[in-house]
Amino acid sequence: MPAGRAARFTVCLVALLAAVTLLRMSGGVLAAAGVPAPEQFIGFKVGTDNKLARWDRIVEYMKAVAASSDRVRLRELGKTNNGNAFVMLEIASPETLKNLDRYKQYERKLYFQNGAPTPRERDEIFRQGKVVVMVGASVHATEVGPTQAALELVHHLATDDSAATKNILDNVILLLVPSLNPDGQVLVTDWFNKNLGTPYEASPLPALYHPYIGHDNNRDMYMLTQKESQYVAQVAWHDWLPAVWLDQHQMGAGGPRIFVMPATDPINPNVHPLIYRWNAIMGQSQAAALEAAGKDGIIYNSTYTNFWQGAMAWAGWWHNQIGLLTEVASVRIASPTDQIKTAPRSGGPGDFVREAAIDAIVPGMGMLGAPADTTPRTEYPRPWLGGRWTLRDIVDYQFISTLALLDTAADRRETVLRQVYEVNRQTVEDGRTGAVKAILIPLDLQQDAREAMHLAERLMMGGVEVYRAEAAFDVDDTPYSAGTLVVPMTQVFARYAKDLLEKQNYPEVRRAPNLPPEAPYDMTAWSLGMQFGVTVDFANELLPNVKLTRVAAPLKSTGRVTGNGPRFMFEYTGADSAVVVNRLLRDGVKVAFTPSSHALIDGASRSQLEELARDLGVSFATAEAPPPGVPDEQKQPLRTPRVALYAPWTSDNIDEGWTRWVLEQYEFPFTTVRNADIRAGGLRRRFDAIILADQAPREIVDGNLGTTIRPEYRGGIGDIGVDSLQRFVGDGGTLIALGAASDLVIDRFPVPVRNQKRALRRDQHFAPGTILRIQVDTSNPVGYGMASDTYGFYNNSPFFTLVDGFNATRASVIARYPNEDIVASGWLRGEDAMAGRAAVVEVDLRPGRILLFGLRPQHRAQTHATFPMLFNALYLSADGTAIASENQQQ
């Protein structure tokens, strides 16, 4: 090469190396230059009054940032129920992202996946590992601020070159889920934009803001029924296992501006104390940053308790994850609120009003009254005194508090890793030395072994290791068969398994010795063995040397077909039996119930039954004709019931969505009916059964009223609709009322039933979510397939007593609460008032029938043990009773 050219080449090479060095030192300035600002992309500044970025546009922006920045990666975890993209961003330094799999393996080893780390591996994690932080936004879709704030957070982390941001990117891996409920985000955004500037701005959403479960979507983190919950669980407990997890919410508009951790008493004994300590450290770092920014109304130790399972990030506590919550005061979706200003109150301890926050806010508020809680104190040093509050304020509070969390995680990187490791190590060690050595689920002793397998699947979805014993063994002087499922306590998620399966004992909390105990904020019981109707044992001795084989979901019973037709039978026990019945009826096969909890099958081919045996784990055997001990008059012929599920035009009837989910999962065909359908009459011609999900009578009859409600969604079924339901029952139909809907029937139908709950004040009787013992009349066809002694979920619902009625009316108690020892798990005030009372009542009005479910038989799709009563009520509605004159319904 000529000397001149060589010199020029050397100069260029030096310049290029200098540019590369400058680029590395600047944290990716050249890449950042191509990252669009959110306002350039969506057309307005984030947080502008009455402006919302829609989910599809938000996803496009996140894709644009990921394409332009070497600090951001975008992953689509799957599709939602409505087909929207469920996405997560992985944000860290470019060097970290290049080696992301290595850091993921560090994190997995930190959580003892595939065994505890060796001392060398442990020390390498401490030196080189990152703090993995997961942030989930706006699980409740009307709480729009966190998702909007995510746009600015991502842009900041992708473009900012300050030392603070570099510290975060070098020491933290952020897993950001910009919306935990994309379907709801689309629905709420479209509804808000549709009504903005019209007389109907205050009109509430006429549907759930999740396709099935509305506000309950952050109560699904141990049942994991929904796609969105499952995606989060896969990231949290299988793929990434973040050490820190923040759930971003909004709350009521009238009090504090933001709640940060720690939460209030009581604590849960299955959570390691270090987790509660770190909740406080991280939460208070958020509070400190907000105080430094001059923000008002920052509170902790208020409203939200440290006890209950089911929420998003809080489910991480039992997984040894630092689980945090922020709740920022809401606006009217994206419109500002104005609140009367007041002065701070001074006084001693207790000289203030504790306001109960709410999880969501609906549009339609005028000027808000002055804040009630204005006393400065340790947990609330600078109270909110009123004034204007905007969506931009929410965005600012979310942005500041989230950056503060990331900053603290980065600064305390090694300490967090060391102490999380210590929590995990102690958890495994406690499994060797603690009182409970293993949890045992014997398959051969269950009412329905399939439910035991479903229970184990739920545990595995939560990251729990489940094993099968390959031989029989004895422990605690009890024999167990080969095939028993075993959950060893020597695993990192043992706390989670124990808390989900044991009885909950909610402790009393009193603010002062002379004050009554405070009622719980949320549920106090979730014992899944009880809800599934599954016997679960806790072994106090170490298991003998029996071979254990780890199992994976899905678990399935081995079904078979024995004997020859033409008639077969199978055991009708447990909810899964309904799927068998529904598929057979769909294929035109004759099915009948017997009092012995069997179903008789006539007309099925052997190949049909073999397919069901393979798919559903059901065994079929030849049935003699007639089966011994079953007279023809005791057989209950079945046909596919024509089911209607009433759905009001409201956003708060979550029980309807859960009922819809359960019916779909168990393959019951049904029709959704609205107010106009009920009012139109002619119901018996179309339906055998109508279900009224848990809802107050006034909401069913009156619905949403007022000139601000869009006319097409105004009102309820009205008195005309009640008359139509009365005619439906009079013509032989079956009306099924769940929970509070029972009061509508008691008030407006001639039923000899009284709701005893109505006469009791909150200080006399209260249960925000409790599991109770129930006794079931299994000789009644509604009780077929049930255990005679089982459990039901109770949530301030009616409980009944029978009173004198007309001679033509016959009332039967299907399920009752025992005379004593009613509470099986959780907290209940006024237990004695329920002793001996009815939980489920059938009223035969000849020819029609009414079923009143005081307990919640399908509550949040968790109560598998009581599903059969609801399913049987549907089957019995189509038992061939003659339909009365249809002309009466014209």
# chains A, B, ... in the order shown; residues from 1 in each chain; ligands from 1

$ residues_around --residues "region 397-411 of chain A" --least-positions-apart "3" --cutoff "8 Å" --atoms "only C-alpha atoms" --output "ChimeraX atom specification"
/A:131,133,145-146,149-150,152-153,164,167-168,170-172,248,258,282-283,285-287,289-290,295,328,393-394,416

$ residues_around --residues "Ile298 (chain A)" --least-positions-apart "2" --cutoff "9 Å" --atoms "only C-alpha atoms" --output "number ranges by chain"
A: 256-260, 287, 290-291, 295-296, 300, 379-384

$ atom_distance --atom1 "CA of Pro269 (chain A)" --atom2 "CA of Gly316 (chain A)"
14.5 Å

$ closest_residue --among "A:Ala313, A:Ala613, A:Val186, A:Leu738" --to "Leu325 (chain A)" --atoms "only C-alpha atoms"
A:Ala313

$ closest_residue --among "A:Arg679, A:Arg698, A:Arg642, A:Arg71" --to "Leu725 (chain A)" --atoms "only C-alpha atoms"
A:Arg679

$ residues_around --residues "Ile700 (chain A)" --least-positions-apart "3" --cutoff "7 Å" --atoms "only C-alpha atoms" --output "JSON, numbers by chain"
{"A": [695, 696, 697, 703, 716, 717]}

$ write_last_selection --atoms "N, CA, C and O atoms" --output "compact mmCIF listing (two decimals), in the first residue's frame"
# COMPACT_ATOMS: atom_id res chain seq x y z
N GLN A 695 -75.89 -10.04 41.87
CA GLN A 695 -76.09 -8.62 41.63
C GLN A 695 -77.25 -8.15 42.49
O GLN A 695 -78.23 -8.88 42.68
N ALA A 696 -77.16 -6.93 43.01
CA ALA A 696 -78.22 -6.40 43.86
C ALA A 696 -79.52 -6.26 43.08
O ALA A 696 -79.51 -5.90 41.90
N PRO A 697 -80.68 -6.51 43.73
CA PRO A 697 -81.96 -6.42 43.03
C PRO A 697 -82.20 -5.08 42.35
O PRO A 697 -82.71 -5.01 41.23
N GLY A 703 -81.11 -0.76 36.89
CA GLY A 703 -79.92 -0.52 36.10
C GLY A 703 -79.35 0.86 36.32
O GLY A 703 -79.52 1.47 37.38
N GLY A 716 -82.87 -1.06 33.64
CA GLY A 716 -82.68 -2.49 33.85
C GLY A 716 -83.83 -3.27 33.24
O GLY A 716 -84.45 -2.84 32.26
N ILE A 717 -84.16 -4.39 33.86
CA ILE A 717 -85.25 -5.19 33.30
C ILE A 717 -86.60 -4.58 33.65
O ILE A 717 -87.61 -4.86 32.98

$ residues_around --residues "Leu609 (chain A)" --least-positions-apart "5" --cutoff "10 Å" --atoms "only C-alpha atoms" --output "list in words"
Gly559, Arg560, Val561, Phe568, Val580, Leu584, Ile601, Ala604, Arg614, Asp615, Val618, Ser619, Phe620 and Ala621 of chain A

$ write_last_selection --atoms "N, CA, C and O atoms" --output "JSON list (two decimals), in the first residue's frame"
[["chain", "number", "residue", "atom", "x", "y", "z"],
["A", 559, "GLY", "N", -58.24, -43.13, 31.60],
["A", 559, "GLY", "CA", -59.59, -43.63, 31.40],
["A", 559, "GLY", "C", -59.60, -44.89, 30.56],
["A", 559, "GLY", "O", -58.67, -45.16, 29.80],
["A", 560, "ARG", "N", -60.65, -45.68, 30.73],
["A", 560, "ARG", "CA", -60.75, -46.91, 29.94],
["A", 560, "ARG", "C", -62.22, -47.27, 29.74],
["A", 560, "ARG", "O", -63.09, -46.76, 30.46],
["A", 561, "VAL", "N", -62.46, -48.12, 28.78],
["A", 561, "VAL", "CA", -63.81, -48.65, 28.53],
["A", 561, "VAL", "C", -63.75, -50.15, 28.72],
["A", 561, "VAL", "O", -62.96, -50.84, 28.06],
["A", 568, "PHE", "N", -73.82, -48.28, 28.90],
["A", 568, "PHE", "CA", -72.64, -48.09, 29.75],
["A", 568, "PHE", "C", -72.99, -47.14, 30.88],
["A", 568, "PHE", "O", -74.03, -46.48, 30.87],
["A", 580, "VAL", "N", -68.23, -34.55, 30.13],
["A", 580, "VAL", "CA", -68.59, -35.83, 29.53],
["A", 580, "VAL", "C", -70.06, -35.82, 29.13],
["A", 580, "VAL", "O", -70.43, -36.19, 27.99],
["A", 584, "LEU", "N", -71.66, -35.98, 25.25],
["A", 584, "LEU", "CA", -72.55, -37.07, 24.86],
["A", 584, "LEU", "C", -73.89, -36.53, 24.39],
["A", 584, "LEU", "O", -74.43, -36.97, 23.36],
["A", 601, "ILE", "N", -75.60, -44.39, 30.12],
["A", 601, "ILE", "CA", -75.41, -43.99, 28.73],
["A", 601, "ILE", "C", -76.05, -45.03, 27.83],
["A", 601, "ILE", "O", -75.80, -46.23, 27.98],
["A", 604, "ALA", "N", -74.34, -44.80, 22.76],
["A", 604, "ALA", "CA", -72.99, -44.34, 22.41],
["A", 604, "ALA", "C", -72.20, -45.49, 21.81],
["A", 604, "ALA", "O", -72.29, -46.63, 22.27],
["A", 614, "ARG", "N", -59.88, -41.19, 26.63],
["A", 614, "ARG", "CA", -58.54, -40.66, 26.37],
["A", 614, "ARG", "C", -58.46, -39.17, 26.71],
["A", 614, "ARG", "O", -57.52, -38.71, 27.35],
["A", 615, "ASP", "N", -59.47, -38.41, 26.28],
["A", 615, "ASP", "CA", -59.40, -36.95, 26.42],
["A", 615, "ASP", "C", -59.63, -36.49, 27.86],
["A", 615, "ASP", "O", -59.00, -35.53, 28.31],
["A", 618, "VAL", "N", -61.88, -40.47, 31.89],
["A", 618, "VAL", "CA", -63.07, -41.06, 32.49],
["A", 618, "VAL", "C", -63.13, -42.54, 32.11],
["A", 618, "VAL", "O", -62.82, -42.91, 30.97],
["A", 619, "SER", "N", -63.56, -43.36, 33.06],
["A", 619, "SER", "CA", -63.71, -44.80, 32.79],
["A", 619, "SER", "C", -65.18, -45.15, 32.66],
["A", 619, "SER", "O", -66.02, -44.70, 33.45],
["A", 620, "PHE", "N", -65.47, -45.96, 31.65],
["A", 620, "PHE", "CA", -66.84, -46.40, 31.38],
["A", 620, "PHE", "C", -66.90, -47.92, 31.53],
["A", 620, "PHE", "O", -65.96, -48.63, 31.16],
["A", 621, "ALA", "N", -68.01, -48.39, 32.08],
["A", 621, "ALA", "CA", -68.20, -49.83, 32.25],
["A", 621, "ALA", "C", -69.60, -50.20, 31.77],
["A", 621, "ALA", "O", -70.51, -49.36, 31.75]]

$ closest_residue --among "A:Leu151, A:Ala878, A:Val65, A:Val546" --to "Ile42 (chain A)" --atoms "only C-alpha atoms"
A:Leu151

$ select_by_dssp --residues "region 567-789 of chain A" --states "strand (DSSP E)" --output "ChimeraX atom specification"
/A:567-571,590-594,598-602,620-622,636-638,643-646,670-673,689-692,734-738,753-755,770-776,789

$ residues_around --residues "Pro595 (chain A)" --least-positions-apart "6" --cutoff "10 Å" --atoms "only C-alpha atoms" --output "number ranges by chain"
A: 629-630, 634-636, 778-781, 783-785

$ closest_residue --among "A:His140, A:His864, A:Arg277, A:Lys341" --to "Glu327 (chain A)" --atoms "only C-alpha atoms"
A:His140

$ residues_around --residues "Arg75 (chain A)" --least-positions-apart "5" --cutoff "8 Å" --atoms "only C-alpha atoms" --output "count of residues only"
4

$ residues_around --residues "Trp318 (chain A)" --least-positions-apart "3" --cutoff "8 Å" --atoms "only C-alpha atoms" --output "list in words"
Asn270, Val271, His272, Ala315, Gln321, Phe493, Arg495, Tyr496 and Asp499 of chain A

$ write_last_selection --atoms "all heavy atoms" --output "CSV table (one decimal), in the first residue's frame"
chain,number,residue,atom,x,y,z
A,270,ASN,N,-46.6,-16.8,56.3
A,270,ASN,CA,-45.9,-17.6,55.3
A,270,ASN,C,-44.9,-16.8,54.5
A,270,ASN,O,-44.2,-17.3,53.7
A,270,ASN,CB,-46.8,-18.4,54.4
A,270,ASN,CG,-47.5,-19.6,55.2
A,270,ASN,OD1,-46.8,-20.3,55.9
A,270,ASN,ND2,-48.8,-19.7,55.0
A,271,VAL,N,-45.0,-15.5,54.7
A,271,VAL,CA,-44.0,-14.6,54.0
A,271,VAL,C,-42.8,-14.4,54.8
A,271,VAL,O,-42.9,-14.1,56.0
A,271,VAL,CB,-44.7,-13.2,53.7
A,271,VAL,CG1,-43.7,-12.3,53.0
A,271,VAL,CG2,-45.9,-13.4,52.8
A,272,HIS,N,-41.6,-14.5,54.2
A,272,HIS,CA,-40.4,-14.3,54.9
A,272,HIS,C,-40.3,-12.8,55.4
A,272,HIS,O,-40.6,-11.9,54.6
A,272,HIS,CB,-39.2,-14.6,54.1
A,272,HIS,CG,-37.9,-14.7,54.8
A,272,HIS,ND1,-37.2,-13.6,55.3
A,272,HIS,CD2,-37.2,-15.8,55.2
A,272,HIS,CE1,-36.1,-14.0,55.9
A,272,HIS,NE2,-36.1,-15.4,55.9
A,315,ALA,N,-48.6,-11.5,44.9
A,315,ALA,CA,-48.4,-13.0,44.8
A,315,ALA,C,-47.0,-13.3,44.8
A,315,ALA,O,-46.6,-14.5,45.2
A,315,ALA,CB,-49.1,-13.5,43.6
A,321,GLN,N,-40.3,-12.9,46.4
A,321,GLN,CA,-40.0,-11.7,45.5
A,321,GLN,C,-40.5,-10.5,46.3
A,321,GLN,O,-41.6,-10.5,47.0
A,321,GLN,CB,-40.8,-11.9,44.2
A,321,GLN,CG,-40.3,-13.0,43.3
A,321,GLN,CD,-41.2,-13.5,42.2
A,321,GLN,OE1,-42.4,-13.6,42.4
A,321,GLN,NE2,-40.7,-13.7,41.0
A,493,PHE,N,-40.2,-22.4,46.4
A,493,PHE,CA,-41.6,-21.8,46.4
A,493,PHE,C,-42.5,-22.6,47.4
A,493,PHE,O,-43.7,-22.7,47.2
A,493,PHE,CB,-42.2,-21.9,45.0
A,493,PHE,CG,-41.5,-20.9,44.0
A,493,PHE,CD1,-41.6,-21.1,42.7
A,493,PHE,CD2,-40.8,-19.8,44.5
A,493,PHE,CE1,-41.0,-20.3,41.8
A,493,PHE,CE2,-40.2,-18.9,43.6
A,493,PHE,CZ,-40.3,-19.2,42.2
A,495,ARG,N,-43.2,-21.8,50.4
A,495,ARG,CA,-44.1,-20.9,51.1
A,495,ARG,C,-45.4,-20.7,50.4
A,495,ARG,O,-46.5,-20.6,51.0
A,495,ARG,CB,-43.4,-19.6,51.3
A,495,ARG,CG,-42.2,-19.7,52.2
A,495,ARG,CD,-41.4,-18.3,52.2
A,495,ARG,NE,-40.2,-18.4,52.9
A,495,ARG,CZ,-40.1,-18.4,54.2
A,495,ARG,NH1,-41.1,-18.2,55.0
A,495,ARG,NH2,-38.9,-18.5,54.8
A,496,TYR,N,-45.3,-20.6,49.1
A,496,TYR,CA,-46.5,-20.4,48.2
A,496,TYR,C,-47.4,-21.6,48.3
A,496,TYR,O,-48.6,-21.5,48.5
A,496,TYR,CB,-46.0,-20.2,46.8
A,496,TYR,CG,-47.1,-20.0,45.8
A,496,TYR,CD1,-47.9,-18.8,45.8
A,496,TYR,CD2,-47.2,-20.9,44.7
A,496,TYR,CE1,-48.8,-18.6,44.8
A,496,TYR,CE2,-48.2,-20.7,43.7
A,496,TYR,CZ,-49.0,-19.5,43.8
A,496,TYR,OH,-49.9,-19.4,42.8
A,499,ASP,N,-49.1,-21.8,51.7
A,499,ASP,CA,-50.1,-20.8,51.9
A,499,ASP,C,-51.4,-21.1,51.1
A,499,ASP,O,-52.5,-20.8,51.6
A,499,ASP,CB,-49.6,-19.4,51.6
A,499,ASP,CG,-50.4,-18.3,52.1
A,499,ASP,OD1,-50.4,-18.2,53.4
A,499,ASP,OD2,-51.1,-17.6,51.4

$ closest_residue --among "A:Gln148, A:Thr671, A:Gln764, A:Asn268" --to "Glu39 (chain A)" --atoms "only C-alpha atoms"
A:Gln148

$ closest_atom_pairs --of "region 503-544 of chain A" --to "region 569-574 of chain A" --cutoff "12 Å" --atoms "only C-alpha atoms" --output "JSON lines"
{"residue": "A:Phe532", "atom": "CA", "partner": "A:Gly574", "partner_atom": "CA", "distance": 9.2}
{"residue": "A:Gly533", "atom": "CA", "partner": "A:Gly574", "partner_atom": "CA", "distance": 8.6}
{"residue": "A:Val534", "atom": "CA", "partner": "A:Gly574", "partner_atom": "CA", "distance": 10.4}

$ closest_atom_pairs --of "region 55-114 of chain A" --to "region 419-438 of chain A" --cutoff "12 Å" --atoms "only C-alpha atoms" --output "JSON lines"
{"residue": "A:Tyr106", "atom": "CA", "partner": "A:Tyr421", "partner_atom": "CA", "distance": 11.4}
{"residue": "A:Glu107", "atom": "CA", "partner": "A:Tyr421", "partner_atom": "CA", "distance": 10.1}
{"residue": "A:Arg108", "atom": "CA", "partner": "A:Tyr421", "partner_atom": "CA", "distance": 11.0}
{"residue": "A:Lys109", "atom": "CA", "partner": "A:Tyr421", "partner_atom": "CA", "distance": 9.4}
{"residue": "A:Leu110", "atom": "CA", "partner": "A:Tyr421", "partner_atom": "CA", "distance": 5.9}
{"residue": "A:Tyr111", "atom": "CA", "partner": "A:Asn424", "partner_atom": "CA", "distance": 6.5}
{"residue": "A:Phe112", "atom": "CA", "partner": "A:Asn424", "partner_atom": "CA", "distance": 7.5}
{"residue": "A:Gln113", "atom": "CA", "partner": "A:Asn424", "partner_atom": "CA", "distance": 10.7}
